[in-house]
file structure.txt (compact mmCIF, C-alpha atoms)
# COMPACT_ATOMS: atom_id res chain seq x y z
CA MET Y 111 12.81 5.70 -5.45
CA ASN Y 112 14.83 8.30 -3.63
CA ASP Y 113 12.06 10.63 -2.58
CA LYS Y 114 8.82 10.29 -0.78
CA VAL Y 115 5.65 10.07 -2.82
CA ASN Y 116 2.72 12.36 -2.14
CA LEU Y 117 -0.18 10.42 -3.61
CA ALA Y 118 -2.38 13.46 -4.28
CA GLU Y 119 0.44 15.24 -6.11
CA LYS Y 120 1.11 12.20 -8.27
CA LEU Y 121 -2.59 11.71 -8.99
CA ALA Y 122 -2.75 15.30 -10.22
CA LEU Y 123 -0.25 14.40 -12.94
CA LEU Y 124 -2.48 11.74 -14.45
CA GLY Y 125 -4.50 12.20 -17.58
CA GLY Y 126 -7.66 10.22 -18.10
CA TRP Y 127 -9.44 7.59 -16.13
CA TYR Y 128 -7.97 4.12 -15.96
CA GLU Y 129 -4.58 5.37 -17.12
CA PRO Y 130 -2.28 4.34 -14.28
CA GLY Y 131 1.04 5.90 -13.38
CA ILE Y 132 3.91 4.21 -11.57
CA VAL Y 133 5.05 6.13 -8.49
CA GLY Y 134 7.55 3.66 -7.10
CA ARG Y 135 8.43 0.06 -6.53
CA ILE Y 136 8.89 -2.37 -3.70
CA ASN Y 137 11.19 -5.10 -4.92
CA ASP Y 138 9.59 -6.36 -8.15
CA TYR Y 139 6.17 -4.88 -7.41
CA LYS Y 140 4.99 -1.64 -8.95
CA LEU Y 141 3.17 1.02 -6.92
CA GLN Y 142 0.62 2.68 -9.14
CA VAL Y 143 -1.89 5.46 -8.79
CA VAL Y 144 -4.95 5.64 -11.00
CA LYS Y 145 -8.01 7.82 -11.36
CA VAL Y 146 -11.12 5.85 -12.14
CA LYS Y 147 -14.65 6.72 -13.15
CA GLY Y 148 -17.26 4.53 -14.76
CA PRO Y 149 -16.92 0.80 -15.19
CA PHE Y 150 -13.65 -0.94 -16.02
CA VAL Y 151 -13.71 -4.42 -17.61
CA TRP Y 152 -14.21 -7.80 -16.04
CA HIS Y 153 -10.88 -9.56 -15.78
CA LYS Y 154 -8.67 -11.68 -13.57
CA HIS Y 155 -4.99 -12.18 -12.91
CA ASP Y 156 -4.23 -15.86 -12.70
CA GLU Y 157 -0.69 -15.33 -11.44
CA THR Y 158 -1.11 -12.69 -8.77
CA ASP Y 159 -3.25 -11.09 -6.12
CA ASP Y 160 -4.25 -7.49 -6.78
CA PHE Y 161 -4.11 -4.74 -4.10
CA PHE Y 162 -6.49 -1.77 -4.10
CA LEU Y 163 -6.42 1.11 -1.60
CA CYS Y 164 -9.01 3.84 -1.99
CA VAL Y 165 -7.40 7.26 -1.52
CA LYS Y 166 -10.33 9.48 -2.50
CA GLY Y 167 -13.88 8.89 -3.65
CA ARG Y 168 -15.61 5.53 -3.59
CA LEU Y 169 -14.52 2.41 -5.46
CA THR Y 170 -16.81 -0.52 -6.08
CA ILE Y 171 -15.06 -3.77 -6.91
CA HIS Y 172 -17.64 -6.05 -8.44
CA LEU Y 173 -17.01 -9.72 -7.84
CA ARG Y 174 -19.16 -12.42 -9.40
CA ASP Y 175 -20.94 -13.09 -6.09
CA ARG Y 176 -20.88 -9.66 -4.40
CA ASP Y 177 -19.63 -6.10 -4.45
CA VAL Y 178 -16.87 -4.71 -2.27
CA VAL Y 179 -17.16 -0.95 -1.75
CA LEU Y 180 -14.06 0.95 -0.68
CA GLU Y 181 -13.97 4.41 0.79
CA PRO Y 182 -10.82 6.38 1.63
CA GLY Y 183 -8.59 4.46 4.02
CA GLU Y 184 -10.01 1.11 2.99
CA LEU Y 185 -8.21 -1.59 1.05
CA PHE Y 186 -9.03 -4.89 -0.56
CA VAL Y 187 -6.95 -7.62 -2.12
CA VAL Y 188 -8.52 -9.52 -5.00
CA ALA Y 189 -7.13 -13.03 -4.88
CA ALA Y 190 -5.35 -14.48 -7.90
CA GLY Y 191 -7.75 -16.00 -10.38
CA VAL Y 192 -10.80 -14.15 -9.09
CA GLU Y 193 -12.81 -12.25 -11.67
CA HIS Y 194 -13.42 -8.64 -10.77
CA CYS Y 195 -14.57 -5.39 -12.32
CA PRO Y 196 -13.76 -2.04 -10.68
CA GLU Y 197 -16.27 0.78 -11.06
CA ALA Y 198 -16.79 4.25 -9.64
CA ASP Y 199 -19.75 6.59 -9.95
CA GLU Y 200 -17.66 9.68 -9.32
CA GLU Y 201 -13.96 10.23 -9.94
CA THR Y 202 -12.09 8.06 -7.47
CA HIS Y 203 -8.39 7.80 -6.69
CA VAL Y 204 -6.73 4.48 -6.01
CA LEU Y 205 -3.33 3.09 -5.07
CA LEU Y 206 -2.68 -0.24 -6.78
CA ILE Y 207 0.07 -2.71 -6.02
CA GLU Y 208 0.88 -5.69 -8.19
CA PRO Y 209 3.96 -7.33 -9.68
CA ASP Y 210 5.79 -5.39 -12.37
CA GLY Y 211 4.48 -6.31 -15.79
CA THR Y 212 0.98 -7.21 -14.64
CA PRO Y 213 -1.40 -5.88 -17.32
CA ASN Y 214 -4.23 -3.74 -15.95
CA THR Y 215 -6.85 -5.70 -17.86
CA GLY Y 216 -5.46 -9.08 -16.83
CA ASP Y 217 -6.73 -11.85 -19.10
CA ALA Y 218 -9.33 -9.63 -20.75
CA GLY Y 219 -7.17 -7.34 -22.89
CA GLY Y 220 -9.03 -4.89 -25.10
CA ALA Y 221 -9.26 -1.16 -25.47
CA MET Y 222 -8.76 -0.33 -21.79
CA THR Y 223 -5.37 -2.02 -21.65
CA ALA Y 224 -2.93 0.72 -20.70
CA THR Y 225 0.82 0.80 -20.30
CA PRO Y 226 1.49 2.72 -17.10
CA ARG Y 227 3.82 5.66 -17.38
CA GLU Y 228 6.46 6.47 -14.81
CA LEU Y 229 5.46 9.52 -12.85
CA MET H 198 -8.59 -12.01 2.91
CA ASN H 199 -12.26 -12.13 2.05
CA ASP H 200 -13.32 -8.76 3.36
CA LYS H 201 -12.19 -5.24 2.86
CA VAL H 202 -9.90 -3.71 5.45
CA ASN H 203 -10.70 -0.40 7.07
CA LEU H 204 -7.29 0.78 8.23
CA ALA H 205 -8.59 2.98 11.06
CA GLU H 206 -10.70 0.14 12.46
CA LYS H 207 -7.75 -2.23 12.38
CA LEU H 208 -5.44 0.33 13.95
CA ALA H 209 -7.92 0.69 16.82
CA LEU H 210 -7.36 -2.97 17.64
CA LEU H 211 -3.66 -2.54 18.25
CA GLY H 212 -2.07 -2.34 21.66
CA GLY H 213 1.17 -0.48 22.12
CA TRP H 214 3.47 1.39 19.83
CA TYR H 215 5.62 -0.57 17.42
CA GLU H 216 3.46 -3.68 17.81
CA PRO H 217 2.31 -4.38 14.25
CA GLY H 218 -0.77 -6.27 13.23
CA ILE H 219 -1.28 -8.12 9.95
CA VAL H 220 -4.43 -7.05 8.12
CA GLY H 221 -4.00 -8.99 4.91
CA ARG H 222 -1.61 -10.27 2.32
CA ILE H 223 -0.78 -9.79 -1.31
CA ASN H 224 0.87 -12.98 -2.53
CA ASP H 225 3.71 -13.61 -0.07
CA TYR H 226 3.78 -10.05 1.25
CA LYS H 227 2.16 -9.07 4.54
CA LEU H 228 0.10 -5.91 4.90
CA GLN H 229 0.62 -4.53 8.37
CA VAL H 230 -0.66 -1.62 10.37
CA VAL H 231 1.31 -0.19 13.25
CA LYS H 232 1.00 2.68 15.69
CA VAL H 233 4.29 4.40 16.37
CA LYS H 234 5.51 7.01 18.80
CA GLY H 235 9.03 7.81 19.84
CA PRO H 236 12.12 6.41 18.17
CA PHE H 237 12.36 2.88 16.82
CA VAL H 238 15.79 1.29 16.31
CA TRP H 239 18.30 1.71 13.51
CA HIS H 240 18.16 -1.34 11.28
CA LYS H 241 18.16 -2.56 7.69
CA HIS H 242 16.69 -5.38 5.68
CA ASP H 243 19.34 -6.78 3.37
CA GLU H 244 16.88 -8.91 1.44
CA THR H 245 13.97 -6.59 0.81
CA ASP H 246 12.70 -3.10 0.27
CA ASP H 247 10.40 -1.74 2.96
CA PHE H 248 7.16 0.16 2.21
CA PHE H 249 5.77 2.86 4.54
CA LEU H 250 2.51 4.75 4.01
CA CYS H 251 1.54 7.35 6.61
CA VAL H 252 -2.16 7.05 7.44
CA LYS H 253 -2.35 9.51 10.33
CA GLY H 254 0.13 11.72 12.15
CA ARG H 255 3.66 12.38 10.98
CA LEU H 256 6.38 9.80 10.48
CA THR H 257 10.04 10.65 10.26
CA ILE H 258 12.23 8.02 8.66
CA HIS H 259 15.79 8.82 9.58
CA LEU H 260 18.34 7.74 7.00
CA ARG H 261 22.05 8.09 7.60
CA ASP H 262 22.28 11.08 5.26
CA ARG H 263 18.86 12.72 5.66
CA ASP H 264 15.36 12.50 7.08
CA VAL H 265 12.23 11.66 5.12
CA VAL H 266 9.09 13.06 6.74
CA LEU H 267 5.76 11.50 5.80
CA GLU H 268 2.35 13.00 6.39
CA PRO H 269 -0.98 11.29 5.66
CA GLY H 270 -1.21 10.22 2.04
CA GLU H 271 2.56 10.06 1.62
CA LEU H 272 4.63 6.94 1.16
CA PHE H 273 8.28 6.00 1.01
CA VAL H 274 10.14 2.84 0.14
CA VAL H 275 13.39 2.21 1.98
CA ALA H 276 15.62 0.28 -0.38
CA ALA H 277 17.05 -3.06 0.66
CA GLY H 278 20.22 -2.71 2.66
CA VAL H 279 19.64 0.90 3.62
CA GLU H 280 19.85 1.70 7.32
CA HIS H 281 16.83 3.54 8.67
CA CYS H 282 15.20 4.48 11.94
CA PRO H 283 11.50 5.43 12.08
CA GLU H 284 10.42 7.98 14.67
CA ALA H 285 7.30 9.97 15.50
CA ASP H 286 6.82 12.81 17.95
CA GLU H 287 3.10 12.15 18.31
CA GLU H 288 1.19 8.91 17.81
CA THR H 289 1.33 8.10 14.13
CA HIS H 290 -0.39 5.38 12.12
CA VAL H 291 1.36 3.56 9.32
CA LEU H 292 0.68 0.90 6.70
CA LEU H 293 3.71 -1.31 6.15
CA ILE H 294 4.26 -3.78 3.35
CA GLU H 295 7.10 -6.27 3.26
CA PRO H 296 7.58 -9.97 2.55
CA ASP H 297 6.07 -12.39 5.03
CA GLY H 298 8.56 -13.27 7.71
CA THR H 299 10.49 -10.01 7.55
CA PRO H 300 11.37 -9.09 11.15
CA ASN H 301 10.42 -5.54 12.13
CA THR H 302 13.87 -4.82 13.52
CA GLY H 303 15.69 -6.26 10.51
CA ASP H 304 19.31 -7.03 11.32
CA ALA H 305 19.22 -5.19 14.64
CA GLY H 306 17.09 -7.52 16.76
CA GLY H 307 16.65 -6.54 20.38
CA ALA H 308 13.80 -5.64 22.68
CA MET H 309 11.64 -3.97 20.03
CA THR H 310 11.47 -7.10 17.88
CA ALA H 311 7.78 -7.98 17.72
CA THR H 312 5.90 -10.86 16.16
CA PRO H 313 2.92 -9.32 14.38
CA ARG H 314 -0.48 -10.68 15.31
CA GLU H 315 -3.18 -11.38 12.80
CA LEU H 316 -5.95 -8.80 13.15

call {"tool": "encode", "arguments": {"input": "structure.txt", "output": "structure tokens"}}
result
Amino acid sequence: MNDKVNLAEKLALLGGWYEPGIVGRINDYKLQVVKVKGPFVWHKHDETDDFFLCVKGRLTIHLRDRDVVLEPGELFVVAAGVEHCPEADEETHVLLIEPDGTPNTGDAGGAMTATPREL
Amino acid sequence: MNDKVNLAEKLALLGGWYEPGIVGRINDYKLQVVKVKGPFVWHKHDETDDFFLCVKGRLTIHLRDRDVVLEPGELFVVAAGVEHCPEADEETHVLLIEPDGTPNTGDAGGAMTATPREL
């Protein structure tokens, strides 16, 4: 990555909800932006923690025992192995960080599995 | 990390400039907030890339061949081995991500080397 990344500009390049785009890397971790609306799928990543930073809107991360609600400037790390389901009532913009190759749907697979494109 | 992190609230807990605080972790990476003003020191990290996200203010990352200027919502990753010197004219707030144990001054050491505290 030779240039800075303006998150809003990169988010504007995205298509639909839950279709992430890679904006850079730190070592072997991918930096992804994603627009979300509606519920995602329950899943977990047994091998890695999962970083969420809310950039715009309001992201609810459902956990089995509680909800974590993120507003802009708030972040949360879902620990490895913990089931979670992101959801947003209105379109919400998120920065995600996780190791390269981590599938967005974790162990769940299914129709919402998306290969991120390089932005 | 069991709770969400509000970056502004964590930044308000910091003391002086260039004294980072750890707000969470993703795997073996530390998530740090730092308030900066004035010039830091030229340094590099031979073993790791270095992630900067501007949260508030305006951060200039001097590289040997150019400057990268970050405003809120903009990020930059300094590649491993690349000399850089952060600087801010006015107080600026930054989210940093790098492997646990990475010293803030990299190979340079000196008076600005700071052990981050857990916030």

call {"tool": "interface_residues", "arguments": {"input": "structure.txt", "of": "chain Y", "to": "chain H", "cutoff": "7 Å", "atoms": "all atoms listed in the file", "output": "ChimeraX atom specification"}}
result
/Y:111,113-117,136-137,158-161,178,183-187

call {"tool": "atom_distance", "arguments": {"input": "structure.txt", "atom1": "atom CA of Asp304 of chain H", "atom2": "atom CA of Gly212 of chain H"}}
result
24.2 Å

call {"tool": "atom_distance", "arguments": {"input": "structure.txt", "atom1": "atom CA of Leu292 of chain H", "atom2": "atom CA of Val238 of chain H"}}
result
17.9 Å

call {"tool": "residues_near_point", "arguments": {"input": "structure.txt", "point": "(0.1, 1.5, -17.2)", "cutoff": "8 Å", "atoms": "all atoms listed in the file", "output": "list in words"}}
result
Glu129, Pro130, Gly131, Ile132, Pro213, Asn214, Thr223, Ala224, Thr225, Pro226 and Arg227 of chain Y

call {"tool": "atom_distance", "arguments": {"input": "structure.txt", "atom1": "atom CA of Lys120 of chain Y", "atom2": "atom CA of Val204 of chain Y"}}
result
11.2 Å

call {"tool": "decode", "arguments": {"input": "structure.txt", "residues": "segment 139-153 of chain Y", "atoms": "all heavy atoms", "output": "compact mmCIF listing (two decimals), in the first residue's frame"}}
result
# COMPACT_ATOMS: atom_id res chain seq x y z
N TYR Y 139 -2.39 -9.43 7.59
CA TYR Y 139 -3.78 -9.11 7.91
C TYR Y 139 -4.36 -8.22 6.80
O TYR Y 139 -3.68 -7.32 6.32
CB TYR Y 139 -3.87 -8.35 9.24
CG TYR Y 139 -3.73 -9.25 10.44
CD1 TYR Y 139 -2.54 -9.93 10.69
CD2 TYR Y 139 -4.78 -9.42 11.33
CE1 TYR Y 139 -2.42 -10.76 11.79
CE2 TYR Y 139 -4.66 -10.24 12.44
CZ TYR Y 139 -3.47 -10.91 12.66
OH TYR Y 139 -3.35 -11.74 13.75
N LYS Y 140 -5.59 -8.47 6.45
CA LYS Y 140 -6.26 -7.63 5.47
C LYS Y 140 -7.08 -6.55 6.18
O LYS Y 140 -7.68 -6.79 7.23
CB LYS Y 140 -7.16 -8.46 4.55
CG LYS Y 140 -8.19 -9.30 5.25
CD LYS Y 140 -8.96 -10.22 4.29
CE LYS Y 140 -9.89 -11.14 5.09
NZ LYS Y 140 -10.65 -12.09 4.27
N LEU Y 141 -7.07 -5.36 5.59
CA LEU Y 141 -7.89 -4.24 6.06
C LEU Y 141 -9.05 -4.14 5.09
O LEU Y 141 -8.84 -3.92 3.89
CB LEU Y 141 -7.09 -2.94 6.04
CG LEU Y 141 -5.70 -2.98 6.68
CD1 LEU Y 141 -4.99 -1.65 6.49
CD2 LEU Y 141 -5.81 -3.32 8.16
N GLN Y 142 -10.25 -4.31 5.59
CA GLN Y 142 -11.41 -4.36 4.71
C GLN Y 142 -12.45 -3.32 5.12
O GLN Y 142 -12.66 -3.08 6.31
CB GLN Y 142 -12.10 -5.72 4.80
CG GLN Y 142 -11.29 -6.87 4.28
CD GLN Y 142 -12.08 -8.17 4.33
OE1 GLN Y 142 -12.29 -8.80 3.32
NE2 GLN Y 142 -12.54 -8.55 5.50
N VAL Y 143 -13.11 -2.76 4.13
CA VAL Y 143 -14.29 -1.96 4.41
C VAL Y 143 -15.51 -2.73 3.90
O VAL Y 143 -15.42 -3.50 2.94
CB VAL Y 143 -14.22 -0.57 3.74
CG1 VAL Y 143 -13.17 0.30 4.42
CG2 VAL Y 143 -13.94 -0.68 2.24
N VAL Y 144 -16.63 -2.50 4.57
CA VAL Y 144 -17.85 -3.18 4.17
C VAL Y 144 -19.05 -2.31 4.55
O VAL Y 144 -19.02 -1.62 5.57
CB VAL Y 144 -17.94 -4.59 4.80
CG1 VAL Y 144 -18.04 -4.53 6.32
CG2 VAL Y 144 -19.08 -5.41 4.21
N LYS Y 145 -20.04 -2.31 3.68
CA LYS Y 145 -21.32 -1.67 3.98
C LYS Y 145 -22.28 -2.77 4.41
O LYS Y 145 -22.39 -3.80 3.72
CB LYS Y 145 -21.87 -0.96 2.74
CG LYS Y 145 -20.99 0.16 2.25
CD LYS Y 145 -21.69 1.07 1.27
CE LYS Y 145 -21.91 0.41 -0.06
NZ LYS Y 145 -22.28 1.40 -1.12
N VAL Y 146 -22.94 -2.55 5.51
CA VAL Y 146 -23.85 -3.58 6.01
C VAL Y 146 -25.23 -3.00 6.24
O VAL Y 146 -25.40 -1.82 6.57
CB VAL Y 146 -23.32 -4.23 7.31
CG1 VAL Y 146 -21.89 -4.69 7.12
CG2 VAL Y 146 -23.40 -3.29 8.49
N LYS Y 147 -26.23 -3.82 6.01
CA LYS Y 147 -27.60 -3.49 6.38
C LYS Y 147 -28.36 -4.80 6.50
O LYS Y 147 -28.16 -5.71 5.68
CB LYS Y 147 -28.27 -2.59 5.34
CG LYS Y 147 -29.65 -2.12 5.79
CD LYS Y 147 -30.28 -1.16 4.81
CE LYS Y 147 -31.69 -0.80 5.29
NZ LYS Y 147 -32.38 0.07 4.32
N GLY Y 148 -29.22 -4.88 7.50
CA GLY Y 148 -29.92 -6.13 7.75
C GLY Y 148 -29.03 -7.08 8.53
O GLY Y 148 -27.90 -6.74 8.91
N PRO Y 149 -29.53 -8.27 8.74
CA PRO Y 149 -28.76 -9.24 9.53
C PRO Y 149 -27.76 -10.00 8.65
O PRO Y 149 -28.02 -10.27 7.48
CB PRO Y 149 -29.84 -10.20 10.04
CG PRO Y 149 -30.90 -10.16 8.98
CD PRO Y 149 -30.88 -8.77 8.39
N PHE Y 150 -26.61 -10.31 9.22
CA PHE Y 150 -25.65 -11.19 8.56
C PHE Y 150 -26.00 -12.62 8.99
O PHE Y 150 -27.19 -12.92 9.19
CB PHE Y 150 -24.21 -10.79 8.97
CG PHE Y 150 -23.14 -11.35 8.09
CD1 PHE Y 150 -23.14 -11.17 6.73
CD2 PHE Y 150 -22.08 -12.07 8.65
CE1 PHE Y 150 -22.14 -11.70 5.92
CE2 PHE Y 150 -21.07 -12.61 7.86
CZ PHE Y 150 -21.10 -12.42 6.49
N VAL Y 151 -25.04 -13.49 9.13
CA VAL Y 151 -25.32 -14.86 9.58
C VAL Y 151 -24.51 -15.12 10.85
O VAL Y 151 -23.43 -14.56 11.05
CB VAL Y 151 -24.91 -15.91 8.52
CG1 VAL Y 151 -25.86 -15.83 7.32
CG2 VAL Y 151 -23.46 -15.76 8.09
N TRP Y 152 -25.05 -15.95 11.69
CA TRP Y 152 -24.30 -16.38 12.87
C TRP Y 152 -23.10 -17.21 12.42
O TRP Y 152 -23.24 -18.12 11.59
CB TRP Y 152 -25.19 -17.24 13.78
CG TRP Y 152 -26.10 -16.43 14.63
CD1 TRP Y 152 -27.41 -16.14 14.39
CD2 TRP Y 152 -25.76 -15.80 15.88
NE1 TRP Y 152 -27.91 -15.36 15.41
CE2 TRP Y 152 -26.93 -15.14 16.33
CE3 TRP Y 152 -24.60 -15.72 16.65
CZ2 TRP Y 152 -26.97 -14.42 17.53
CZ3 TRP Y 152 -24.64 -15.00 17.83
CH2 TRP Y 152 -25.80 -14.36 18.27
N HIS Y 153 -21.94 -16.88 12.97
CA HIS Y 153 -20.75 -17.64 12.61
C HIS Y 153 -19.67 -17.38 13.65
O HIS Y 153 -19.84 -16.54 14.54
CB HIS Y 153 -20.24 -17.23 11.22
CG HIS Y 153 -19.71 -15.83 11.16
ND1 HIS Y 153 -20.53 -14.72 11.16
CD2 HIS Y 153 -18.45 -15.35 11.11
CE1 HIS Y 153 -19.79 -13.62 11.11
NE2 HIS Y 153 -18.53 -13.98 11.08
